[in-house]
$ cat entry.txt   # compact mmCIF, C-alpha atoms
# COMPACT_ATOMS: atom_id res chain seq x y z
CA MET M 1 -10.07 20.08 -11.64
CA THR M 2 -13.71 21.15 -11.36
CA THR M 3 -15.70 20.95 -8.16
CA ILE M 4 -19.09 19.35 -7.67
CA ALA M 5 -20.73 22.75 -7.45
CA GLU M 6 -19.46 23.62 -10.94
CA GLN M 7 -20.52 20.33 -12.45
CA ASP M 8 -23.81 19.06 -13.68
CA VAL M 9 -23.81 16.20 -11.21
CA ALA M 10 -24.97 12.96 -12.76
CA LEU M 11 -27.97 11.32 -11.15
CA ILE M 12 -26.10 8.05 -10.91
CA ASP M 13 -23.35 9.70 -8.87
CA LEU M 14 -26.00 10.99 -6.47
CA VAL M 15 -27.77 7.64 -6.31
CA ASP M 16 -24.43 5.97 -5.66
CA ARG M 17 -23.93 8.11 -2.58
CA LEU M 18 -27.36 9.11 -1.33
CA LEU M 19 -28.89 5.66 -1.25
CA GLY M 20 -25.80 3.83 -0.08
CA GLY M 21 -24.07 6.41 2.10
CA GLY M 22 -24.80 8.80 4.93
CA VAL M 23 -25.61 8.03 8.54
CA VAL M 24 -28.56 5.72 9.01
CA ILE M 25 -30.68 6.60 12.05
CA ALA M 26 -32.44 3.86 13.98
CA GLY M 27 -35.97 3.24 12.74
CA ASP M 28 -37.85 3.83 15.99
CA ILE M 29 -37.31 7.60 16.02
CA THR M 30 -37.54 8.22 12.29
CA LEU M 31 -40.49 7.39 10.10
CA ALA M 32 -40.51 3.71 9.25
CA VAL M 33 -40.43 4.60 5.57
CA ALA M 34 -37.04 6.22 6.04
CA ASP M 35 -35.67 2.72 6.41
CA VAL M 36 -33.11 2.45 3.69
CA ASP M 37 -34.26 -0.95 2.53
CA LEU M 38 -37.48 0.60 1.40
CA VAL M 39 -35.61 3.09 -0.73
CA ARG M 40 -33.74 0.21 -2.27
CA VAL M 41 -36.90 -1.78 -2.80
CA SER M 42 -38.44 1.22 -4.53
CA LEU M 43 -35.39 1.74 -6.64
CA ARG M 44 -35.57 -1.85 -7.76
CA ALA M 45 -38.73 -0.92 -9.61
CA LEU M 46 -36.70 1.64 -11.56
CA ILE M 47 -33.62 -0.32 -12.35
CA SER M 48 -33.68 -3.82 -13.62
CA SER M 49 -30.29 -4.85 -12.33
CA VAL M 50 -29.96 -3.13 -9.00
CA ALA M 51 -28.18 -6.04 -7.36
CA SER M 52 -24.91 -4.16 -7.36
CA LEU M 53 -26.46 -1.42 -5.20
CA GLU M 54 -27.66 -3.87 -2.61
CA GLU M 55 -24.54 -5.84 -2.03
CA GLY M 56 -21.09 -4.85 -1.03
CA PRO M 57 -18.37 -4.03 -3.54
CA PRO M 58 -18.16 -6.89 -6.02
CA PRO M 59 -14.93 -8.70 -6.71
CA LEU M 60 -13.44 -7.28 -9.88
CA MET V 1 -51.31 16.53 14.61
CA SER V 2 -49.13 18.80 12.51
CA ASP V 3 -49.47 18.55 8.75
CA GLU V 4 -45.72 18.84 8.45
CA LEU V 5 -42.76 16.56 9.08
CA LEU V 6 -39.06 17.35 9.47
CA TRP V 7 -36.57 16.29 6.83
CA ALA V 8 -33.00 16.08 8.18
CA TYR V 9 -29.93 16.75 6.02
CA GLY V 10 -26.92 16.41 8.22
CA VAL V 11 -25.22 17.23 11.51
CA VAL V 12 -22.66 19.94 12.26
CA ALA V 13 -20.93 20.99 15.49
CA ALA V 14 -22.74 23.40 17.83
CA GLY V 15 -20.24 26.15 17.02
CA ALA V 16 -20.74 25.99 13.24
CA ALA V 17 -22.76 28.79 11.64
CA PRO V 18 -24.90 27.34 8.84
CA PRO V 19 -26.02 29.76 6.10
CA ALA V 20 -29.29 31.45 7.03
CA ASP V 21 -30.88 31.47 3.59
CA LEU V 22 -30.82 27.76 2.81
CA VAL V 23 -33.83 26.36 0.99
CA GLY V 24 -34.20 22.61 1.02
CA VAL V 25 -36.45 19.76 -0.07
CA ALA V 26 -39.87 20.88 -1.36
CA GLY V 27 -38.97 24.53 -0.77
CA GLY V 28 -38.68 24.35 3.02
CA VAL V 29 -36.36 26.76 4.85
CA VAL V 30 -33.47 24.94 6.51
CA ALA V 31 -33.01 25.61 10.23
CA PRO V 32 -30.91 24.05 12.99
CA VAL V 33 -32.15 21.91 15.86
CA ALA V 34 -29.44 22.03 18.53
CA THR V 35 -28.74 19.89 21.56
CA ALA V 36 -25.87 18.02 23.17
CA GLY V 37 -23.23 20.15 21.45
CA LEU V 38 -24.53 19.25 17.98
CA GLN V 39 -26.85 20.80 15.42
CA ALA V 40 -29.01 18.90 12.97
CA LEU V 41 -30.14 20.87 9.91
CA VAL V 42 -33.79 20.25 9.11
CA SER V 43 -36.63 21.71 7.09
CA SER V 44 -40.39 21.17 7.10
CA VAL V 45 -41.91 18.93 4.45
CA PRO V 46 -45.64 18.35 3.92
CA GLN V 47 -47.21 15.16 5.31
CA ALA V 48 -49.19 14.94 2.09
CA GLN V 49 -46.01 14.02 0.19
CA PHE V 50 -43.64 12.74 2.84
CA ALA V 51 -45.71 10.62 5.22
CA ALA V 52 -45.00 6.90 4.90
CA GLU V 53 -47.74 6.04 2.43
CA PRO V 54 -47.32 8.84 -0.15
CA LEU V 55 -43.53 8.69 0.18
CA ARG V 56 -43.57 5.01 -0.69
CA GLY V 57 -45.34 5.87 -3.92
CA HIS V 58 -43.09 8.81 -4.74
CA LEU V 59 -39.95 6.73 -4.31
CA ASN V 60 -41.00 4.77 -7.37
CA ASP V 61 -41.17 7.98 -9.37
CA LEU V 62 -37.66 8.62 -10.71
CA PRO V 63 -38.13 12.33 -11.53
CA TRP V 64 -39.51 12.89 -7.99
CA LEU V 65 -36.66 10.96 -6.41
CA GLU V 66 -34.12 12.84 -8.50
CA ARG V 67 -35.53 16.24 -7.51
CA VAL V 68 -35.48 15.35 -3.81
CA ALA V 69 -31.97 13.88 -4.08
CA ARG V 70 -30.67 17.04 -5.74
CA GLU V 71 -32.35 19.26 -3.14
CA HIS V 72 -30.85 17.19 -0.32
CA GLU V 73 -27.42 17.28 -1.96
CA ALA V 74 -27.60 21.03 -2.63
CA VAL V 75 -28.17 21.78 1.06
CA LEU V 76 -25.29 19.53 2.10
CA GLU V 77 -22.98 21.18 -0.43
CA ARG V 78 -23.78 24.63 0.94
CA LEU V 79 -23.13 23.36 4.47
CA LEU V 80 -19.93 21.68 3.35
CA ALA V 81 -18.57 25.02 2.17
CA GLU V 82 -18.94 26.42 5.70
CA ALA V 83 -18.38 23.55 8.10
CA THR V 84 -17.58 19.90 8.66
CA VAL V 85 -20.79 17.97 7.98
CA VAL V 86 -21.95 14.45 8.79
CA PRO V 87 -24.50 13.72 6.06
CA LEU V 88 -27.63 11.74 6.88
CA ARG V 89 -29.11 9.12 4.59
CA LEU V 90 -31.73 10.33 2.12
CA CYS V 91 -35.27 10.22 3.58
CA THR V 92 -34.32 10.63 7.24
CA ILE V 93 -37.64 12.08 8.37
CA PHE V 94 -38.84 12.94 11.90
CA GLU V 95 -42.29 13.64 13.34
CA ASP V 96 -41.10 16.73 15.23
CA THR V 97 -38.09 18.51 16.79
CA GLY V 98 -38.35 16.21 19.83
CA GLY V 99 -37.44 13.29 17.59
CA VAL V 100 -34.47 15.18 16.13
CA GLU V 101 -33.20 16.05 19.63
CA LEU V 102 -33.57 12.45 20.74
CA MET V 103 -31.54 11.37 17.70
CA LEU V 104 -28.75 13.87 18.50
CA GLU V 105 -28.60 12.67 22.12
CA ARG V 106 -28.65 8.99 21.27
CA GLU V 107 -26.15 9.19 18.40
CA HIS V 108 -24.02 11.83 20.10
CA ASP V 109 -20.83 9.82 20.49
CA ALA V 110 -20.79 8.45 16.95
CA LEU V 111 -21.69 11.83 15.43
CA ALA V 112 -19.07 13.69 17.50
CA GLU V 113 -16.45 11.09 16.56
CA ALA V 114 -17.31 11.46 12.88
CA LEU V 115 -17.17 15.27 13.04
CA GLY V 116 -13.72 15.10 14.62
CA ARG V 117 -12.46 12.54 12.14
CA LEU V 118 -13.77 14.41 9.09
CA GLU V 119 -12.58 17.88 10.01
CA GLY V 120 -10.47 19.36 7.21
CA ARG V 121 -11.04 16.30 5.02
CA GLN V 122 -12.93 15.80 1.78
CA GLU V 123 -14.56 12.92 -0.03
CA TRP V 124 -13.73 12.58 -3.73
CA GLY V 125 -14.96 9.98 -6.18
CA VAL V 126 -12.75 8.24 -8.72
CA LYS V 127 -13.96 6.05 -11.55
CA VAL V 128 -11.78 4.23 -14.06
CA LEU V 129 -13.34 3.47 -17.43
CA LEU V 130 -11.66 1.23 -19.95
CA ASP V 131 -12.35 1.54 -23.67
CA ARG V 132 -14.28 -1.41 -24.99
CA ASP V 133 -12.05 -1.52 -28.05
CA ARG V 134 -8.84 -1.27 -26.05
CA PRO V 135 -5.98 -3.22 -27.54
CA ALA V 136 -6.40 -6.87 -26.57
CA PRO V 137 -5.03 -10.16 -27.77
CA ALA V 138 -7.57 -11.93 -30.02
CA GLY V 139 -7.93 -15.34 -31.60
CA GLU V 140 -7.23 -15.53 -35.32
CA ALA V 141 -10.19 -16.30 -37.54
CA ALA V 142 -9.61 -18.76 -40.35
CA HIS V 143 -11.62 -19.71 -43.41
CA ASP V 144 -12.65 -23.31 -43.92
CA GLU V 145 -11.49 -24.27 -40.50
CA GLY V 146 -12.28 -27.72 -39.24
CA GLY V 147 -13.69 -28.69 -35.85
CA LEU V 148 -10.33 -28.86 -34.17
CA ALA V 149 -9.25 -25.49 -35.57
CA TYR V 150 -12.53 -24.00 -34.40
CA LEU V 151 -12.04 -25.38 -30.91
CA ALA V 152 -8.50 -24.09 -30.78
CA ARG V 153 -9.62 -20.62 -31.91
CA ARG V 154 -12.49 -20.64 -29.40
CA ARG V 155 -10.11 -21.59 -26.60
CA SER V 156 -7.72 -18.82 -27.55
CA GLN V 157 -10.60 -16.30 -27.65
CA LEU V 158 -11.72 -17.33 -24.18
CA ALA V 159 -8.16 -17.16 -22.90
CA ALA V 160 -7.78 -13.70 -24.42
CA ARG V 161 -11.02 -12.55 -22.76
CA GLU V 162 -9.84 -13.98 -19.43
CA GLU V 163 -6.51 -12.22 -19.84
CA ALA V 164 -8.21 -8.91 -20.66
CA ARG V 165 -10.38 -9.24 -17.55
CA GLY V 166 -7.31 -9.97 -15.47
CA LEU V 167 -5.48 -6.93 -16.88
CA ALA V 168 -8.49 -4.70 -16.18
CA GLY V 169 -8.57 -5.90 -12.58
CA GLN V 170 -4.83 -5.30 -12.22
CA LEU V 171 -5.14 -1.81 -13.64
CA ALA V 172 -7.97 -1.03 -11.20
CA ASP V 173 -5.89 -2.35 -8.30
CA GLN V 174 -2.88 -0.28 -9.38
CA VAL V 175 -4.90 2.95 -9.63
CA ASP V 176 -6.66 2.23 -6.32
CA GLY V 177 -3.34 1.38 -4.65
CA ALA V 178 -1.70 4.61 -5.85
CA LEU V 179 -4.67 6.69 -4.65
CA ARG V 180 -4.68 4.99 -1.24
CA VAL V 181 -1.16 6.30 -0.71
CA VAL V 182 -2.46 9.89 -0.73
CA ALA V 183 -5.81 9.05 0.94
CA ILE V 184 -6.66 8.85 4.62
CA ASP V 185 -9.40 6.34 3.97
CA ALA V 186 -10.85 4.62 0.90
CA VAL V 187 -13.97 2.68 -0.06
CA ARG V 188 -14.51 0.62 -3.19
CA LEU V 189 -18.06 0.84 -4.49
CA PRO V 190 -19.88 -1.43 -6.94
CA ALA V 191 -19.54 -0.42 -10.60
CA GLN V 192 -22.40 1.87 -11.57
CA ASN V 193 -25.51 0.64 -13.27
CA ARG V 194 -25.07 1.28 -16.97
CA GLU V 195 -28.77 1.95 -17.57
CA LEU V 196 -28.58 4.94 -15.25
CA SER V 197 -25.03 6.11 -15.86
CA ARG V 198 -24.90 5.50 -19.64
CA HIS V 199 -21.15 5.36 -19.24
CA GLU V 200 -18.99 4.38 -22.16
CA GLY V 201 -16.58 1.53 -21.71
CA ASP V 202 -16.14 -0.84 -18.79
CA MET V 203 -16.16 0.64 -15.31
CA VAL V 204 -13.34 -1.27 -13.67
CA LEU V 205 -13.04 0.96 -10.60
CA ASN V 206 -15.61 3.02 -8.70
CA ALA V 207 -14.21 4.24 -5.41
CA ALA V 208 -14.37 7.03 -2.86
CA TYR V 209 -11.35 8.51 -1.10
CA LEU V 210 -11.16 10.61 2.02
CA ILE V 211 -8.33 13.05 1.53
CA GLY V 212 -6.73 16.03 3.23
CA ASP V 213 -5.18 17.80 0.27
CA PRO V 214 -7.20 18.04 -2.97
CA ALA V 215 -4.20 19.39 -4.91
CA GLU V 216 -2.19 16.30 -4.02
CA LEU V 217 -5.07 14.07 -5.12
CA GLY V 218 -5.43 16.02 -8.37
CA ALA V 219 -1.73 15.63 -9.15
CA CYS V 220 -1.91 11.91 -8.42
CA VAL V 221 -4.94 11.45 -10.69
CA ASP V 222 -3.25 13.43 -13.49
CA ALA V 223 -0.15 11.25 -13.24
CA LEU V 224 -2.24 8.06 -13.27
CA GLN V 225 -4.25 9.29 -16.25
CA GLU V 226 -1.08 9.95 -18.18
CA ARG V 227 0.38 6.58 -17.22
CA TYR V 228 -2.64 4.47 -18.19
CA ALA V 229 -4.05 6.44 -21.15
CA ALA V 230 -2.23 4.19 -23.63
CA GLN V 231 -4.07 1.19 -22.17
CA GLY V 232 -7.41 2.82 -22.97
CA ALA V 233 -8.13 4.00 -19.42
CA ARG V 234 -10.02 7.17 -18.57
CA ILE V 235 -9.98 8.40 -14.97
CA ASP V 236 -12.98 10.39 -13.83
CA LEU V 237 -12.64 12.52 -10.69
CA THR V 238 -15.61 14.11 -8.88
CA GLY V 239 -15.76 16.10 -5.66
CA PRO V 240 -15.60 17.35 -3.08
CA TRP V 241 -18.66 15.43 -1.94
CA PRO V 242 -20.30 15.45 1.46
CA PRO V 243 -18.55 12.48 3.13
CA TYR V 244 -21.39 10.02 2.52
CA ASN V 245 -19.06 7.06 2.25
CA PHE V 246 -17.06 7.74 5.40
CA VAL V 247 -19.80 7.96 8.00
CA THR V 248 -21.90 4.84 7.48
CA SER V 249 -20.03 2.41 9.68
CA ALA V 250 -19.58 4.70 12.68
CA ALA V 251 -23.23 5.29 13.59
CA ALA V 252 -24.81 2.34 11.85
CA GLU V 253 -22.76 -0.18 13.78
CA GLN V 254 -23.57 1.36 17.12
CA GLN V 255 -27.27 1.75 16.39
CA PRO V 256 -28.31 -0.86 13.87
CA ALA V 257 -31.58 0.21 12.28
$ encode --input "entry.txt" --output "structure tokens"
Amino acid sequence: MTTIAEQDVALIDLVDRLLGGGVVIAGDITLAVADVDLVRVSLRALISSVASLEEGPPPL
Amino acid sequence: MSDELLWAYGVVAAGAAPPADLVGVAGGVVAPVATAGLQALVSSVPQAQFAAEPLRGHLNDLPWLERVAREHEAVLERLLAEATVVPLRLCTIFEDTGGVELMLEREHDALAEALGRLEGRQEWGVKVLLDRDRPAPAGEAAHDEGGLAYLARRRSQLAAREEARGLAGQLADQVDGALRVVAIDAVRLPAQNRELSRHEGDMVLNAAYLIGDPAELGACVDALQERYAAQGARIDLTGPWPPYNFVTSAAAEQQPA
């Protein structure tokens, strides 16, 4: 088993976690742009089918 | 007004000793802001890139976003090696230390709960990929077939495809179920976007598990890999990750953004 530190972490694995995970802090004390929806909106410009990122886990 | 903002990475307990030489996003030196028995790790970032307007533009720039994401992740991984960390969402940016302190005070209970719950635990990611050309029942093709034969073959192809989809779902549920036995908590994530991941095969499971014993998880994954290899399944294990997928509900539900 290799650890993350030893791996060349794939961007998609980061995107999976960084844009969808982590504690979200209320918008009034952070910059408005930190609002996660904006990150998602921006990402939509990069990925044509980002729907799966925006919704909950899909039924398999 | 300062020409710098504060980028926040994550929160650790007051007693934790974060590494002193951490360099973060855009080359800023990572330092703690402490209050209320908690420390947030932050570094200065230039307004010119990280204020609302320029940031909005940069977020559309994939190489820029990737660099920042990797810098954020690298700091959290260093912290993770030393302490229990509650990771913050990418692009959590404050005007000044006063804002960071206010956040620690306001979110104190949720953050303290998460730190307690995550102590000694790790997040790992598991993906199951199925070969596209895995053995599957298929309709027989026939030469000179008539309309009825065509319809019958078409129906059997559709049924075979439906059956294959059902088997893939069952396999995903079986792997997920076996991993949940060794996990403390589990989250199923959407399958990854193929354009970004370039993965081969069908991603039938993408999940995160919170576990206490990585050796036990590794043994479980090895056993599952061996068991399902003949069905064309490949199990991909990554970790330990900062526990991104096991902190969202706690604070977000108490303080909806």
$ residues_around --input "entry.txt" --residues "region 174-183 of chain V" --least-positions-apart "3" --cutoff "8 Å" --atoms "only C-alpha atoms" --output "PyMOL selection string"
chain V and resi 170-171+186+205+207+209-212+216-217+220-221+224
$ closest_residue --input "entry.txt" --among "V:Ala223, V:Gly232, V:Gly99, V:Asp213" --to "chain M" --atoms "only C-alpha atoms"
V:Gly99
$ atom_distance --input "entry.txt" --atom1 "CA of Ala168 (chain V)" --atom2 "CA of Asp131 (chain V)"
10.5 Å
$ closest_residue --input "entry.txt" --among "M:Val9, M:Val23, M:Val15, M:Asp28" --to "chain V" --atoms "all atoms listed in the file"
M:Val23
$ interface_residues --input "entry.txt" --of "chain V" --to "chain M" --cutoff "6 Å" --atoms "all atoms listed in the file" --output "short mmCIF file (atom, residue, chain, number, x, y, z; two decimals) with C-alpha atoms, keeping the file's coordinate frame"
data_model
loop_
_atom_site.label_atom_id
_atom_site.label_comp_id
_atom_site.auth_asym_id
_atom_site.auth_seq_id
_atom_site.Cartn_x
_atom_site.Cartn_y
_atom_site.Cartn_z
CA ALA V 52 -45.00 6.90 4.90
CA LEU V 59 -39.95 6.73 -4.31
CA ASN V 60 -41.00 4.77 -7.37
CA PRO V 87 -24.50 13.72 6.06
CA LEU V 88 -27.63 11.74 6.88
CA ARG V 89 -29.11 9.12 4.59
CA LEU V 90 -31.73 10.33 2.12
CA CYS V 91 -35.27 10.22 3.58
CA THR V 92 -34.32 10.63 7.24
CA ILE V 93 -37.64 12.08 8.37
CA PHE V 94 -38.84 12.94 11.90
CA GLY V 99 -37.44 13.29 17.59
CA GLY V 169 -8.57 -5.90 -12.58
CA LEU V 189 -18.06 0.84 -4.49
CA PRO V 190 -19.88 -1.43 -6.94
CA LEU V 196 -28.58 4.94 -15.25
CA SER V 197 -25.03 6.11 -15.86
CA GLY V 239 -15.76 16.10 -5.66
CA TYR V 244 -21.39 10.02 2.52
CA ASN V 245 -19.06 7.06 2.25
CA VAL V 247 -19.80 7.96 8.00
CA THR V 248 -21.90 4.84 7.48
CA ALA V 252 -24.81 2.34 11.85
CA ALA V 257 -31.58 0.21 12.28
#
$ residues_around --input "entry.txt" --residues "Glu4 (chain V)" --least-positions-apart "2" --cutoff "12 Å" --atoms "all atoms listed in the file" --output "list in words"
Met1, Ser2, Leu6, Trp7, Ala26, Gly28, Ser43, Ser44, Val45, Pro46, Gln47, Ala48, Gln49, Phe50, Ala51, Ile93, Phe94, Glu95, Asp96 and Thr97 of chain V
$ residues_around --input "entry.txt" --residues "Leu22 (chain V)" --least-positions-apart "4" --cutoff "8 Å" --atoms "all atoms listed in the file" --output "MDAnalysis selection string"
chainID V and resid 29:30 75 78
$ write_last_selection --input "entry.txt" --atoms "C-alpha atoms" --output "PDB file, in the frame of the given file"
ATOM      1  CA  VAL V  29     -36.360  26.760   4.850  1.00  0.00           C
ATOM      2  CA  VAL V  30     -33.470  24.940   6.510  1.00  0.00           C
ATOM      3  CA  VAL V  75     -28.170  21.780   1.060  1.00  0.00           C
ATOM      4  CA  ARG V  78     -23.780  24.630   0.940  1.00  0.00           C
TER       5      ARG V  78
END
$ atom_distance --input "entry.txt" --atom1 "CA of Ala14 (chain V)" --atom2 "CA of Arg121 (chain V)"
18.7 Å
$ atom_distance --input "entry.txt" --atom1 "CA of Val86 (chain V)" --atom2 "CA of Pro243 (chain V)"
6.9 Å
$ axis_aligned_box --input "entry.txt" --around "region 71-85 of chain V" --padding-each-side "3 Å" --output "AutoDock Vina command-line options"
--center_x -25.0 --center_y 21.8 --center_z 2.8 --size_x 20.8 --size_y 15.2 --size_z 17.8
